[in-house]
>>> print(open('input_37.json').read())   # JSON, C-alpha atoms
[["chain", "number", "residue", "atom", "x", "y", "z"],
["A", 1, "MET", "CA", 5.19, 19.78, 14.45],
["A", 2, "ASP", "CA", 5.37, 20.74, 18.14],
["A", 3, "GLN", "CA", 2.04, 22.54, 17.96],
["A", 4, "ALA", "CA", 0.11, 19.92, 15.94],
["A", 5, "PHE", "CA", -2.92, 18.60, 17.80],
["A", 6, "VAL", "CA", -3.77, 14.97, 17.00],
["A", 7, "SER", "CA", -7.19, 13.35, 17.52],
["A", 8, "ILE", "CA", -7.00, 9.58, 17.99],
["A", 9, "VAL", "CA", -10.33, 7.87, 17.26],
["A", 10, "VAL", "CA", -10.92, 4.46, 18.85],
["A", 11, "PRO", "CA", -14.09, 2.56, 17.86],
["A", 12, "VAL", "CA", -14.90, 0.13, 20.68],
["A", 13, "TYR", "CA", -17.06, -2.95, 20.33],
["A", 14, "ASN", "CA", -16.81, -5.96, 22.67],
["A", 15, "THR", "CA", -13.05, -5.87, 23.24],
["A", 16, "ALA", "CA", -13.04, -5.85, 27.05],
["A", 17, "GLU", "CA", -10.03, -8.16, 27.09],
["A", 18, "TYR", "CA", -7.86, -5.71, 25.14],
["A", 19, "VAL", "CA", -9.26, -2.18, 25.29],
["A", 20, "GLU", "CA", -7.44, -1.07, 28.45],
["A", 21, "GLU", "CA", -4.07, -1.93, 26.91],
["A", 22, "CYS", "CA", -5.10, 0.08, 23.86],
["A", 23, "ILE", "CA", -6.12, 3.08, 25.96],
["A", 24, "GLN", "CA", -2.94, 3.00, 28.03],
["A", 25, "SER", "CA", -0.80, 2.88, 24.88],
["A", 26, "ILE", "CA", -2.41, 6.12, 23.71],
["A", 27, "LEU", "CA", -2.21, 7.92, 27.04],
["A", 28, "SER", "CA", 1.46, 6.98, 27.41],
["A", 29, "GLN", "CA", 2.54, 8.33, 24.02],
["A", 30, "SER", "CA", 5.77, 10.30, 24.10],
["A", 31, "TYR", "CA", 3.98, 13.01, 22.10],
["A", 32, "LYS", "CA", 1.47, 14.63, 24.45],
["A", 33, "ASN", "CA", -0.55, 17.10, 22.35],
["A", 34, "ILE", "CA", -3.28, 14.56, 21.64],
["A", 35, "GLU", "CA", -6.87, 13.75, 22.45],
["A", 36, "MET", "CA", -8.39, 10.28, 22.54],
["A", 37, "ILE", "CA", -11.96, 9.80, 21.35],
["A", 38, "LEU", "CA", -13.47, 6.52, 22.55],
["A", 39, "VAL", "CA", -16.61, 5.64, 20.58],
["A", 40, "ASN", "CA", -18.48, 2.79, 22.28],
["A", 41, "ASP", "CA", -20.50, 1.17, 19.51],
["A", 42, "GLY", "CA", -23.05, -0.62, 21.68],
["A", 43, "SER", "CA", -20.66, -3.01, 23.49],
["A", 44, "THR", "CA", -22.28, -5.68, 25.65],
["A", 45, "ASP", "CA", -19.22, -7.27, 27.28],
["A", 46, "GLY", "CA", -18.22, -4.58, 29.77],
["A", 47, "SER", "CA", -15.98, -2.61, 27.40],
["A", 48, "ASP", "CA", -18.06, 0.47, 28.20],
["A", 49, "GLN", "CA", -17.23, 0.28, 31.91],
["A", 50, "ILE", "CA", -13.51, 0.15, 31.15],
["A", 51, "CYS", "CA", -13.75, 3.17, 28.85],
["A", 52, "LYS", "CA", -15.80, 5.18, 31.35],
["A", 53, "LYS", "CA", -12.92, 5.07, 33.83],
["A", 54, "TYR", "CA", -11.07, 7.51, 31.58],
["A", 55, "LYS", "CA", -13.84, 9.82, 30.44],
["A", 56, "ASN", "CA", -13.08, 12.55, 32.99],
["A", 57, "LEU", "CA", -9.52, 13.04, 31.79],
["A", 58, "SER", "CA", -9.04, 16.38, 30.05],
["A", 59, "ASN", "CA", -7.72, 14.78, 26.86],
["A", 60, "VAL", "CA", -10.38, 12.06, 26.56],
["A", 61, "GLN", "CA", -13.82, 12.15, 24.95],
["A", 62, "TYR", "CA", -16.17, 9.24, 25.59],
["A", 63, "ILE", "CA", -19.14, 8.70, 23.27],
["A", 64, "GLU", "CA", -21.86, 6.07, 23.51],
["A", 65, "LYS", "CA", -23.99, 5.08, 20.55],
["A", 66, "GLU", "CA", -26.19, 2.22, 19.40],
["A", 67, "ASN", "CA", -24.37, -0.48, 17.49],
["A", 68, "ALA", "CA", -24.09, 0.47, 13.82],
["A", 69, "GLY", "CA", -20.68, -0.85, 12.83],
["A", 70, "VAL", "CA", -17.15, 0.46, 12.70],
["A", 71, "VAL", "CA", -17.73, 2.88, 9.79],
["A", 72, "GLU", "CA", -20.37, 4.83, 11.72],
["A", 73, "ALA", "CA", -18.23, 4.73, 14.86],
["A", 74, "ARG", "CA", -15.23, 6.21, 13.04],
["A", 75, "LYS", "CA", -17.44, 8.80, 11.39],
["A", 76, "ARG", "CA", -18.82, 9.93, 14.74],
["A", 77, "GLY", "CA", -15.31, 10.16, 16.17],
["A", 78, "VAL", "CA", -14.12, 12.32, 13.27],
["A", 79, "GLU", "CA", -17.15, 14.59, 13.66],
["A", 80, "GLU", "CA", -16.17, 15.22, 17.28],
["A", 81, "ALA", "CA", -12.45, 15.57, 16.60],
["A", 82, "ARG", "CA", -10.76, 18.87, 17.42],
["A", 83, "GLY", "CA", -7.30, 18.02, 16.13],
["A", 84, "GLU", "CA", -5.43, 19.07, 13.01],
["A", 85, "TRP", "CA", -4.70, 15.40, 12.39],
["A", 86, "ILE", "CA", -6.79, 12.22, 12.68],
["A", 87, "MET", "CA", -5.52, 8.78, 13.66],
["A", 88, "PHE", "CA", -7.53, 5.56, 13.99],
["A", 89, "VAL", "CA", -6.74, 2.79, 16.45],
["A", 90, "ASP", "CA", -8.72, -0.45, 16.72],
["A", 91, "SER", "CA", -9.56, -1.18, 20.34],
["A", 92, "ASP", "CA", -7.92, -4.63, 20.32],
["A", 93, "ASP", "CA", -4.60, -3.20, 19.06],
["A", 94, "TYR", "CA", -2.18, -0.71, 20.55],
["A", 95, "LEU", "CA", 0.31, 2.02, 19.63],
["A", 96, "LEU", "CA", 4.03, 1.74, 20.11],
["A", 97, "LYS", "CA", 5.38, 4.43, 22.44],
["A", 98, "ASP", "CA", 6.68, 6.92, 19.83],
["A", 99, "CYS", "CA", 4.01, 6.30, 17.20],
["A", 100, "VAL", "CA", 2.53, 9.79, 17.03],
["A", 101, "LEU", "CA", 5.89, 11.54, 17.36],
["A", 102, "GLU", "CA", 7.48, 9.51, 14.56],
["A", 103, "LEU", "CA", 4.60, 9.92, 12.12],
["A", 104, "LEU", "CA", 4.46, 13.66, 12.77],
["A", 105, "SER", "CA", 8.21, 13.92, 12.15],
["A", 106, "VAL", "CA", 7.62, 13.42, 8.40],
["A", 107, "SER", "CA", 4.29, 15.27, 8.14],
["A", 108, "GLU", "CA", 5.50, 18.63, 6.88],
["A", 109, "GLY", "CA", 3.96, 19.50, 3.53],
["A", 110, "VAL", "CA", 1.74, 16.42, 3.33],
["A", 111, "ASP", "CA", -1.84, 15.49, 4.25],
["A", 112, "ILE", "CA", -1.30, 11.73, 4.62],
["A", 113, "VAL", "CA", 1.45, 9.85, 6.46],
["A", 114, "ILE", "CA", 1.65, 6.05, 6.24],
["A", 115, "GLY", "CA", 3.40, 3.99, 8.92],
["A", 116, "CYS", "CA", 4.11, 0.30, 9.40],
["A", 117, "HIS", "CA", 2.42, -2.06, 11.78],
["A", 118, "SER", "CA", 3.99, -5.04, 13.49],
["A", 119, "ARG", "CA", 3.01, -7.54, 10.78],
["A", 120, "ASN", "CA", 3.45, -5.35, 7.74],
["A", 121, "LYS", "CA", 6.11, -5.99, 5.09],
["A", 122, "GLN", "CA", 4.66, -4.00, 2.20],
["A", 123, "LEU", "CA", 6.60, -0.83, 2.99],
["A", 124, "ILE", "CA", 10.08, -2.25, 3.62],
["A", 125, "LYS", "CA", 11.36, -1.09, 0.22],
["A", 126, "ALA", "CA", 9.06, 1.91, -0.14],
["A", 127, "SER", "CA", 10.32, 5.40, -0.91],
["A", 128, "ASP", "CA", 10.09, 8.21, 1.64],
["A", 129, "TYR", "CA", 7.54, 10.10, -0.45],
["A", 130, "TYR", "CA", 5.14, 9.40, -3.32],
["A", 131, "ASP", "CA", 3.33, 11.87, -5.52],
["A", 132, "ARG", "CA", -0.44, 11.83, -5.34],
["A", 133, "GLU", "CA", -1.04, 9.85, -8.57],
["A", 134, "ASP", "CA", 1.54, 7.19, -7.73],
["A", 135, "TYR", "CA", 0.00, 6.78, -4.28],
["A", 136, "LEU", "CA", -3.50, 6.48, -5.74],
["A", 137, "PHE", "CA", -2.23, 3.85, -8.16],
["A", 138, "MET", "CA", -0.38, 1.89, -5.46],
["A", 139, "LEU", "CA", -3.42, 1.97, -3.21],
["A", 140, "SER", "CA", -5.97, 1.06, -5.89],
["A", 141, "SER", "CA", -3.85, -1.94, -6.94],
["A", 142, "LEU", "CA", -3.44, -3.06, -3.29],
["A", 143, "ARG", "CA", 0.31, -2.52, -3.36],
["A", 144, "PHE", "CA", 0.00, -0.29, -0.28],
["A", 145, "PRO", "CA", -1.67, -1.11, 3.06],
["A", 146, "VAL", "CA", -5.38, -0.28, 2.88],
["A", 147, "VAL", "CA", -6.04, -0.41, 6.63],
["A", 148, "PRO", "CA", -7.09, 2.88, 8.30],
["A", 149, "TRP", "CA", -4.68, 2.59, 11.22],
["A", 150, "ALA", "CA", -0.92, 3.26, 11.48],
["A", 151, "LYS", "CA", -1.65, 6.38, 9.47],
["A", 152, "LEU", "CA", -2.06, 10.11, 9.97],
["A", 153, "PHE", "CA", -4.72, 11.96, 7.99],
["A", 154, "ARG", "CA", -5.09, 15.73, 7.86],
["A", 155, "THR", "CA", -8.54, 16.40, 9.34],
["A", 156, "GLU", "CA", -9.34, 18.76, 6.49],
["A", 157, "LEU", "CA", -9.32, 15.78, 4.11],
["A", 158, "PHE", "CA", -12.36, 14.34, 5.87],
["A", 159, "ARG", "CA", -14.11, 17.71, 5.79],
["A", 160, "ARG", "CA", -13.62, 17.84, 2.02],
["A", 161, "CYS", "CA", -14.32, 14.18, 1.24],
["A", 162, "GLN", "CA", -18.03, 13.37, 1.30],
["A", 163, "LEU", "CA", -17.37, 9.73, 0.42],
["A", 164, "SER", "CA", -14.91, 8.89, 3.21],
["A", 165, "PHE", "CA", -17.60, 7.13, 5.27],
["A", 166, "ALA", "CA", -20.05, 6.35, 2.47],
["A", 167, "TYR", "CA", -19.18, 2.66, 2.16],
["A", 168, "ASN", "CA", -20.36, 0.14, 4.75],
["A", 169, "CYS", "CA", -19.33, -3.10, 3.08],
["A", 170, "PRO", "CA", -17.20, -5.22, 5.39],
["A", 171, "PRO", "CA", -14.45, -6.21, 5.27],
["A", 172, "TRP", "CA", -13.38, -3.83, 2.48],
["A", 173, "GLU", "CA", -14.83, -0.54, 3.77],
["A", 174, "ASP", "CA", -11.34, 0.45, 4.98],
["A", 175, "PHE", "CA", -9.96, 0.14, 1.45],
["A", 176, "LEU", "CA", -12.72, 2.32, -0.01],
["A", 177, "MET", "CA", -12.28, 4.99, 2.68],
["A", 178, "ASN", "CA", -8.54, 5.18, 1.99],
["A", 179, "LEU", "CA", -9.21, 5.28, -1.74],
["A", 180, "ALA", "CA", -11.72, 8.13, -1.41],
["A", 181, "LEU", "CA", -9.28, 10.18, 0.69],
["A", 182, "ALA", "CA", -6.41, 9.46, -1.71],
["A", 183, "ARG", "CA", -8.54, 10.61, -4.64],
["A", 184, "ILE", "CA", -9.08, 14.11, -3.23],
["A", 185, "ASN", "CA", -5.56, 14.39, -1.80],
["A", 186, "GLU", "CA", -3.59, 17.04, -3.66],
["A", 187, "LYS", "CA", -0.17, 16.62, -2.07],
["A", 188, "LYS", "CA", 2.58, 14.02, -1.93],
["A", 189, "ILE", "CA", 2.28, 11.42, 0.82],
["A", 190, "ALA", "CA", 4.96, 10.47, 3.34],
["A", 191, "VAL", "CA", 6.03, 6.98, 4.42],
["A", 192, "TRP", "CA", 7.50, 6.00, 7.80],
["A", 193, "ARG", "CA", 8.94, 2.54, 7.34],
["A", 194, "LYS", "CA", 9.47, 1.59, 10.98],
["A", 195, "PRO", "CA", 6.67, -0.14, 12.95],
["A", 196, "VAL", "CA", 4.53, 2.23, 15.00],
["A", 197, "TYR", "CA", 1.48, 0.06, 15.63],
["A", 198, "PHE", "CA", 0.79, -3.41, 17.04],
["A", 199, "TYR", "CA", -1.88, -5.26, 15.06],
["A", 200, "ARG", "CA", -3.49, -8.18, 16.84],
["A", 201, "ILE", "CA", -4.84, -11.08, 14.77],
["A", 202, "ARG", "CA", -8.02, -12.49, 16.30],
["A", 203, "MET", "CA", -9.91, -15.28, 14.58],
["A", 204, "ASP", "CA", -13.17, -14.00, 16.10],
["A", 205, "SER", "CA", -12.70, -10.48, 14.74],
["A", 206, "ALA", "CA", -15.01, -9.07, 12.07],
["A", 207, "ILE", "CA", -12.48, -9.35, 9.24],
["A", 208, "HIS", "CA", -12.22, -13.13, 9.67],
["A", 209, "GLY", "CA", -15.96, -13.68, 9.70],
["A", 210, "HIS", "CA", -16.62, -13.14, 6.01],
["A", 211, "SER", "CA", -16.59, -15.66, 3.18],
["A", 212, "LEU", "CA", -17.29, -13.59, 0.09],
["A", 213, "ASP", "CA", -18.42, -14.59, -3.36],
["A", 214, "LEU", "CA", -17.48, -13.30, -6.79],
["A", 215, "ASP", "CA", -20.56, -11.07, -6.93],
["A", 216, "TYR", "CA", -19.22, -9.18, -3.91],
["A", 217, "TYR", "CA", -15.73, -8.76, -5.36],
["A", 218, "HIS", "CA", -17.20, -7.70, -8.69],
["A", 219, "SER", "CA", -19.24, -5.02, -6.92],
["A", 220, "ILE", "CA", -16.33, -3.71, -4.81],
["A", 221, "SER", "CA", -14.08, -3.55, -7.88],
["A", 222, "LYS", "CA", -16.67, -1.46, -9.70],
["A", 223, "VAL", "CA", -16.94, 0.93, -6.75],
["A", 224, "ALA", "CA", -13.14, 1.28, -6.67],
["A", 225, "ASP", "CA", -13.13, 2.02, -10.42],
["A", 226, "THR", "CA", -15.69, 4.77, -9.85],
["A", 227, "ILE", "CA", -13.69, 6.37, -7.04],
["A", 228, "VAL", "CA", -10.41, 6.58, -8.99],
["A", 229, "ALA", "CA", -12.26, 7.43, -12.24],
["A", 230, "ASP", "CA", -10.42, 10.51, -13.55],
["A", 231, "GLY", "CA", -7.66, 10.36, -10.94],
["A", 232, "LEU", "CA", -5.42, 8.07, -13.01],
["A", 233, "SER", "CA", -4.36, 7.85, -16.63],
["A", 234, "GLN", "CA", -6.19, 5.22, -18.67],
["A", 235, "ASP", "CA", -3.17, 2.90, -18.67],
["A", 236, "LYS", "CA", -2.66, 3.13, -14.91],
["A", 237, "LYS", "CA", -6.37, 2.78, -14.23],
["A", 238, "ARG", "CA", -6.54, -0.37, -16.36],
["A", 239, "GLN", "CA", -3.37, -1.80, -14.77],
["A", 240, "ALA", "CA", -4.66, -1.09, -11.25],
["A", 241, "GLY", "CA", -8.02, -2.63, -12.14],
["A", 242, "ILE", "CA", -6.37, -5.87, -13.25],
["A", 243, "GLU", "CA", -4.14, -6.11, -10.18],
["A", 244, "LEU", "CA", -6.99, -5.37, -7.77],
["A", 245, "ARG", "CA", -9.24, -8.00, -9.34],
["A", 246, "MET", "CA", -6.53, -10.64, -9.46],
["A", 247, "LYS", "CA", -5.75, -10.15, -5.78],
["A", 248, "TYR", "CA", -9.46, -10.42, -4.99],
["A", 249, "TYR", "CA", -9.69, -13.56, -7.12],
["A", 250, "LYS", "CA", -6.76, -15.15, -5.26],
["A", 251, "ILE", "CA", -8.49, -14.44, -1.93],
["A", 252, "TYR", "CA", -11.72, -15.90, -3.28],
["A", 253, "LEU", "CA", -10.03, -19.12, -4.46],
["A", 254, "LYS", "CA", -8.28, -19.73, -1.14],
["A", 255, "LYS", "CA", -11.45, -19.20, 0.88],
["A", 256, "ASN", "CA", -13.82, -21.11, -1.40],
["A", 257, "GLY", "CA", -12.10, -24.42, -2.06],
["A", 258, "PHE", "CA", -10.45, -23.31, -5.34],
["A", 259, "GLN", "CA", -13.80, -23.45, -7.13],
["A", 260, "ARG", "CA", -13.34, -21.38, -10.26],
["A", 261, "ASN", "CA", -16.19, -19.95, -12.30],
["A", 262, "LYS", "CA", -14.86, -18.94, -15.70],
["A", 263, "HIS", "CA", -18.31, -17.78, -16.84],
["A", 264, "HIS", "CA", -18.81, -15.31, -14.02],
["A", 265, "PRO", "CA", -18.90, -11.62, -15.13],
["A", 266, "PHE", "CA", -16.05, -10.87, -12.70],
["A", 267, "VAL", "CA", -13.73, -13.35, -14.44],
["A", 268, "LYS", "CA", -14.83, -12.22, -17.89],
["A", 269, "GLU", "CA", -14.10, -8.64, -16.89],
["A", 270, "ILE", "CA", -10.56, -9.55, -15.83],
["A", 271, "ILE", "CA", -9.89, -11.23, -19.17],
["A", 272, "HIS", "CA", -11.38, -8.25, -21.02],
["A", 273, "LEU", "CA", -9.10, -5.82, -19.14],
["A", 274, "MET", "CA", -6.04, -7.97, -19.89],
["A", 275, "ASN", "CA", -6.87, -8.13, -23.58],
["A", 276, "GLU", "CA", -7.63, -4.43, -23.66],
["A", 277, "ASN", "CA", -4.29, -3.76, -22.01],
["A", 278, "ARG", "CA", -2.59, -6.11, -24.52],
["A", 279, "ALA", "CA", -1.04, -7.90, -21.57],
["A", 280, "ILE", "CA", 0.00, -11.56, -21.70],
["A", 281, "ARG", "CA", 0.21, -11.85, -17.88],
["A", 282, "LEU", "CA", 0.94, -15.59, -17.85],
["A", 283, "ARG", "CA", 0.80, -15.80, -14.04],
["A", 284, "ASP", "CA", -2.63, -14.23, -13.90],
["A", 285, "ARG", "CA", -4.01, -16.33, -16.72],
["A", 286, "LEU", "CA", -2.70, -19.44, -14.96],
["A", 287, "LEU", "CA", -4.47, -18.36, -11.76],
["A", 288, "LEU", "CA", -7.73, -17.95, -13.67],
["A", 289, "SER", "CA", -7.46, -21.58, -14.76],
["A", 290, "VAL", "CA", -6.92, -22.94, -11.24],
["A", 291, "SER", "CA", -9.56, -25.49, -10.18],
["A", 292, "ASN", "CA", -7.91, -27.36, -7.30],
["A", 293, "LYS", "CA", -5.26, -26.99, -4.61],
["A", 294, "ARG", "CA", -2.56, -28.66, -6.74],
["A", 295, "ASP", "CA", -3.08, -26.11, -9.53],
["A", 296, "PHE", "CA", -2.88, -23.31, -6.97],
["A", 297, "LYS", "CA", 0.44, -24.62, -5.63],
["A", 298, "MET", "CA", 1.77, -24.72, -9.19],
["A", 299, "TYR", "CA", 0.72, -21.10, -9.61],
["A", 300, "LEU", "CA", 2.52, -20.13, -6.38],
["A", 301, "PHE", "CA", 5.69, -21.93, -7.56],
["A", 302, "LEU", "CA", 5.62, -20.17, -10.92],
["A", 303, "ASN", "CA", 4.96, -16.84, -9.22],
["A", 304, "LYS", "CA", 7.97, -17.29, -6.91],
["A", 305, "PHE", "CA", 10.18, -18.38, -9.83],
["A", 306, "ILE", "CA", 9.27, -15.34, -11.94],
["A", 307, "ASN", "CA", 9.81, -12.98, -9.00],
["A", 308, "ARG", "CA", 13.29, -14.41, -8.41],
["A", 309, "ILE", "CA", 14.20, -13.83, -12.04],
["A", 310, "LYS", "CA", 12.88, -10.25, -11.88],
["A", 311, "ASN", "CA", 14.81, -9.57, -8.68],
["A", 312, "PHE", "CA", 18.01, -11.03, -10.19],
["A", 313, "TYR", "CA", 17.89, -8.81, -13.24],
["A", 314, "SER", "CA", 16.96, -5.83, -11.11],
["A", 315, "CYS", "CA", 19.99, -6.38, -8.87],
["A", 316, "GLU", "CA", 22.27, -6.86, -11.87],
["A", 317, "GLY", "CA", 21.07, -3.59, -13.37],
["A", 318, "TYR", "CA", 19.56, -5.03, -16.55]]
>>> encode(input="input_37.json", output="structure tokens")
Amino acid sequence: MDQAFVSIVVPVYNTAEYVEECIQSILSQSYKNIEMILVNDGSTDGSDQICKKYKNLSNVQYIEKENAGVVEARKRGVEEARGEWIMFVDSDDYLLKDCVLELLSVSEGVDIVIGCHSRNKQLIKASDYYDREDYLFMLSSLRFPVVPWAKLFRTELFRRCQLSFAYNCPPWEDFLMNLALARINEKKIAVWRKPVYFYRIRMDSAIHGHSLDLDYYHSISKVADTIVADGLSQDKKRQAGIELRMKYYKIYLKKNGFQRNKHHPFVKEIIHLMNENRAIRLRDRLLLSVSNKRDFKMYLFLNKFINRIKNFYSCEGY
């Protein structure tokens, strides 16, 4: 671990208010064998001037490019990376002091390490390690964080994965990148359950600027199916496909006034997968029938009730 060189890629676009804090959090890491790659993606708010103050440091690369989006910025950073490991940091977030050190501490024998961020609760009960198929299943069903940050990736994975930056479809390009890397990963993955990353929620950020329709979610689901293709057993692939689509459908309902469309191909596909899987899935079928906020609240109540029953029997050892 002591000799591992880590490249930290920071795409920068109009985050002048936050980018210096981000940069300082990287430079002040307790683990020092790192380089920071700042990729200015055509900022117009003075972010470039802040970044240029650091470009002469021996462990900093500064790159300027025309605005083409975060996928292209990350791709360029990875192309220039010299490290054995890749990390991504969004320029309006920052790393906790021991982030790199702690993630590297569990990196032996793996190509992917997953850490927690300050608002993440998905990994509280996670195991220390997952085999490659379990990780692919957990990721493709959105049970694991699909963000690119608070993670370590072996650089070789990007060299081998031609699809890692093939998808420019905000806001779900991060999910597809993680999925593509998980598909070619041949080793177990490691989990670090303590927070290592501060994630800042900004209502003007790119992720909050999208109101997506069922056509979009149908398309993304199909792409995800293609990526995992022969990486999962038929049962797991079908189960992951149902869970992914239902989570997308819940997001769609909340952002689109609970307007269901039972005739849409996306909804029909969900029902087909359930029937094919011979799954009753009462909660999911109730969600598919939601047409107003009251129905949605009833679904949430039922969901919480069923989870409590499951947790009770799990604790009792049934």
>>> closest_atom_pairs(input="input_37.json", of="segment 127-207 of chain A", to="segment 244-267 of chain A", cutoff="10 Å", atoms="only C-alpha atoms", output="tab-separated table")
residue	atom	partner	partner_atom	distance
A:Leu139	CA	A:Leu244	CA	9.3
A:Ser140	CA	A:Leu244	CA	6.8
A:Ser141	CA	A:Leu244	CA	4.7
A:Leu142	CA	A:Leu244	CA	6.2
A:Arg143	CA	A:Leu244	CA	9.0
>>> residues_around(input="input_37.json", residues="segment 270-281 of chain A", least_positions_apart="5", cutoff="9 Å", atoms="all atoms listed in the file", output="ChimeraX atom specification")
/A:235,238-239,241-242,245-246,265,286,288
>>> residues_near_point(input="input_37.json", point="(4.3, 3.6, 17.4)", cutoff="10 Å", atoms="all atoms listed in the file", output="list in words")
Ser25, Ile26, Gln29, Ser30, Tyr94, Leu95, Leu96, Lys97, Asp98, Cys99, Val100, Leu101, Glu102, Leu103, Gly115, Cys116, His117, Ser118, Ala150, Lys194, Pro195, Val196, Tyr197 and Phe198 of chain A
>>> write_last_selection(input="input_37.json", atoms="C-alpha atoms", output="mmCIF file, in the coordinates of the input")
data_model
loop_
_atom_site.group_PDB
_atom_site.id
_atom_site.type_symbol
_atom_site.label_atom_id
_atom_site.label_comp_id
_atom_site.auth_asym_id
_atom_site.auth_seq_id
_atom_site.Cartn_x
_atom_site.Cartn_y
_atom_site.Cartn_z
ATOM 1 C CA SER A 25 -0.800 2.880 24.880
ATOM 2 C CA ILE A 26 -2.410 6.120 23.710
ATOM 3 C CA GLN A 29 2.540 8.330 24.020
ATOM 4 C CA SER A 30 5.770 10.300 24.100
ATOM 5 C CA TYR A 94 -2.180 -0.710 20.550
ATOM 6 C CA LEU A 95 0.310 2.020 19.630
ATOM 7 C CA LEU A 96 4.030 1.740 20.110
ATOM 8 C CA LYS A 97 5.380 4.430 22.440
ATOM 9 C CA ASP A 98 6.680 6.920 19.830
ATOM 10 C CA CYS A 99 4.010 6.300 17.200
ATOM 11 C CA VAL A 100 2.530 9.790 17.030
ATOM 12 C CA LEU A 101 5.890 11.540 17.360
ATOM 13 C CA GLU A 102 7.480 9.510 14.560
ATOM 14 C CA LEU A 103 4.600 9.920 12.120
ATOM 15 C CA GLY A 115 3.400 3.990 8.920
ATOM 16 C CA CYS A 116 4.110 0.300 9.400
ATOM 17 C CA HIS A 117 2.420 -2.060 11.780
ATOM 18 C CA SER A 118 3.990 -5.040 13.490
ATOM 19 C CA ALA A 150 -0.920 3.260 11.480
ATOM 20 C CA LYS A 194 9.470 1.590 10.980
ATOM 21 C CA PRO A 195 6.670 -0.140 12.950
ATOM 22 C CA VAL A 196 4.530 2.230 15.000
ATOM 23 C CA TYR A 197 1.480 0.060 15.630
ATOM 24 C CA PHE A 198 0.790 -3.410 17.040
#
>>> atom_distance(input="input_37.json", atom1="atom CA of Met138 of chain A", atom2="atom CA of Ala180 of chain A")
13.6 Å
>>> residues_around(input="input_37.json", residues="segment 1-11 of chain A", least_positions_apart="2", cutoff="9 Å", atoms="only C-alpha atoms", output="ChimeraX atom specification")
/A:13,22-23,26,31-41,69-71,73-74,77-78,81-91,100-101,104-105,107-108,152,155
>>> closest_residue(input="input_37.json", among="A:Phe137, A:Phe144, A:Phe296, A:Tyr62", to="Arg183 of chain A", atoms="only C-alpha atoms")
A:Phe137
>>> atom_distance(input="input_37.json", atom1="atom CA of Arg119 of chain A", atom2="atom CA of Glu133 of chain A")
26.3 Å
>>> atom_distance(input="input_37.json", atom1="atom CA of Ala240 of chain A", atom2="atom CA of Asn185 of chain A")
18.2 Å
>>> residues_around(input="input_37.json", residues="Asn168 of chain A", least_positions_apart="4", cutoff="12 Å", atoms="all atoms listed in the file", output="list in words")
Ala68, Gly69, Val70, Val71, Glu72, Ala73, Arg74, Lys75, Leu163, Ser164, Trp172, Glu173, Asp174, Phe175, Leu176, Met177 and Ile220 of chain A
>>> write_last_selection(input="input_37.json", atoms="C-alpha atoms", output="PDB file, in the coordinates of the input")
ATOM      1  CA  ALA A  68     -24.090   0.470  13.820  1.00  0.00           C
ATOM      2  CA  GLY A  69     -20.680  -0.850  12.830  1.00  0.00           C
ATOM      3  CA  VAL A  70     -17.150   0.460  12.700  1.00  0.00           C
ATOM      4  CA  VAL A  71     -17.730   2.880   9.790  1.00  0.00           C
ATOM      5  CA  GLU A  72     -20.370   4.830  11.720  1.00  0.00           C
ATOM      6  CA  ALA A  73     -18.230   4.730  14.860  1.00  0.00           C
ATOM      7  CA  ARG A  74     -15.230   6.210  13.040  1.00  0.00           C
ATOM      8  CA  LYS A  75     -17.440   8.800  11.390  1.00  0.00           C
ATOM      9  CA  LEU A 163     -17.370   9.730   0.420  1.00  0.00           C
ATOM     10  CA  SER A 164     -14.910   8.890   3.210  1.00  0.00           C
ATOM     11  CA  TRP A 172     -13.380  -3.830   2.480  1.00  0.00           C
ATOM     12  CA  GLU A 173     -14.830  -0.540   3.770  1.00  0.00           C
ATOM     13  CA  ASP A 174     -11.340   0.450   4.980  1.00  0.00           C
ATOM     14  CA  PHE A 175      -9.960   0.140   1.450  1.00  0.00           C
ATOM     15  CA  LEU A 176     -12.720   2.320  -0.010  1.00  0.00           C
ATOM     16  CA  MET A 177     -12.280   4.990   2.680  1.00  0.00           C
ATOM     17  CA  ILE A 220     -16.330  -3.710  -4.810  1.00  0.00           C
TER      18      ILE A 220
END
>>> residues_around(input="input_37.json", residues="Ile189 of chain A", least_positions_apart="3", cutoff="10 Å", atoms="only C-alpha atoms", output="PDB file with C-alpha atoms, in the coordinates of the input")
ATOM      1  CA  VAL A 106       7.620  13.420   8.400  1.00  0.00           C
ATOM      2  CA  SER A 107       4.290  15.270   8.140  1.00  0.00           C
ATOM      3  CA  GLU A 108       5.500  18.630   6.880  1.00  0.00           C
ATOM      4  CA  GLY A 109       3.960  19.500   3.530  1.00  0.00           C
ATOM      5  CA  VAL A 110       1.740  16.420   3.330  1.00  0.00           C
ATOM      6  CA  ASP A 111      -1.840  15.490   4.250  1.00  0.00           C
ATOM      7  CA  ILE A 112      -1.300  11.730   4.620  1.00  0.00           C
ATOM      8  CA  VAL A 113       1.450   9.850   6.460  1.00  0.00           C
ATOM      9  CA  ILE A 114       1.650   6.050   6.240  1.00  0.00           C
ATOM     10  CA  ASP A 128      10.090   8.210   1.640  1.00  0.00           C
ATOM     11  CA  TYR A 129       7.540  10.100  -0.450  1.00  0.00           C
ATOM     12  CA  TYR A 130       5.140   9.400  -3.320  1.00  0.00           C
ATOM     13  CA  ASP A 131       3.330  11.870  -5.520  1.00  0.00           C
ATOM     14  CA  ARG A 132      -0.440  11.830  -5.340  1.00  0.00           C
ATOM     15  CA  ASP A 134       1.540   7.190  -7.730  1.00  0.00           C
ATOM     16  CA  TYR A 135       0.000   6.780  -4.280  1.00  0.00           C
ATOM     17  CA  ALA A 182      -6.410   9.460  -1.710  1.00  0.00           C
ATOM     18  CA  ASN A 185      -5.560  14.390  -1.800  1.00  0.00           C
ATOM     19  CA  GLU A 186      -3.590  17.040  -3.660  1.00  0.00           C
TER      20      GLU A 186
END
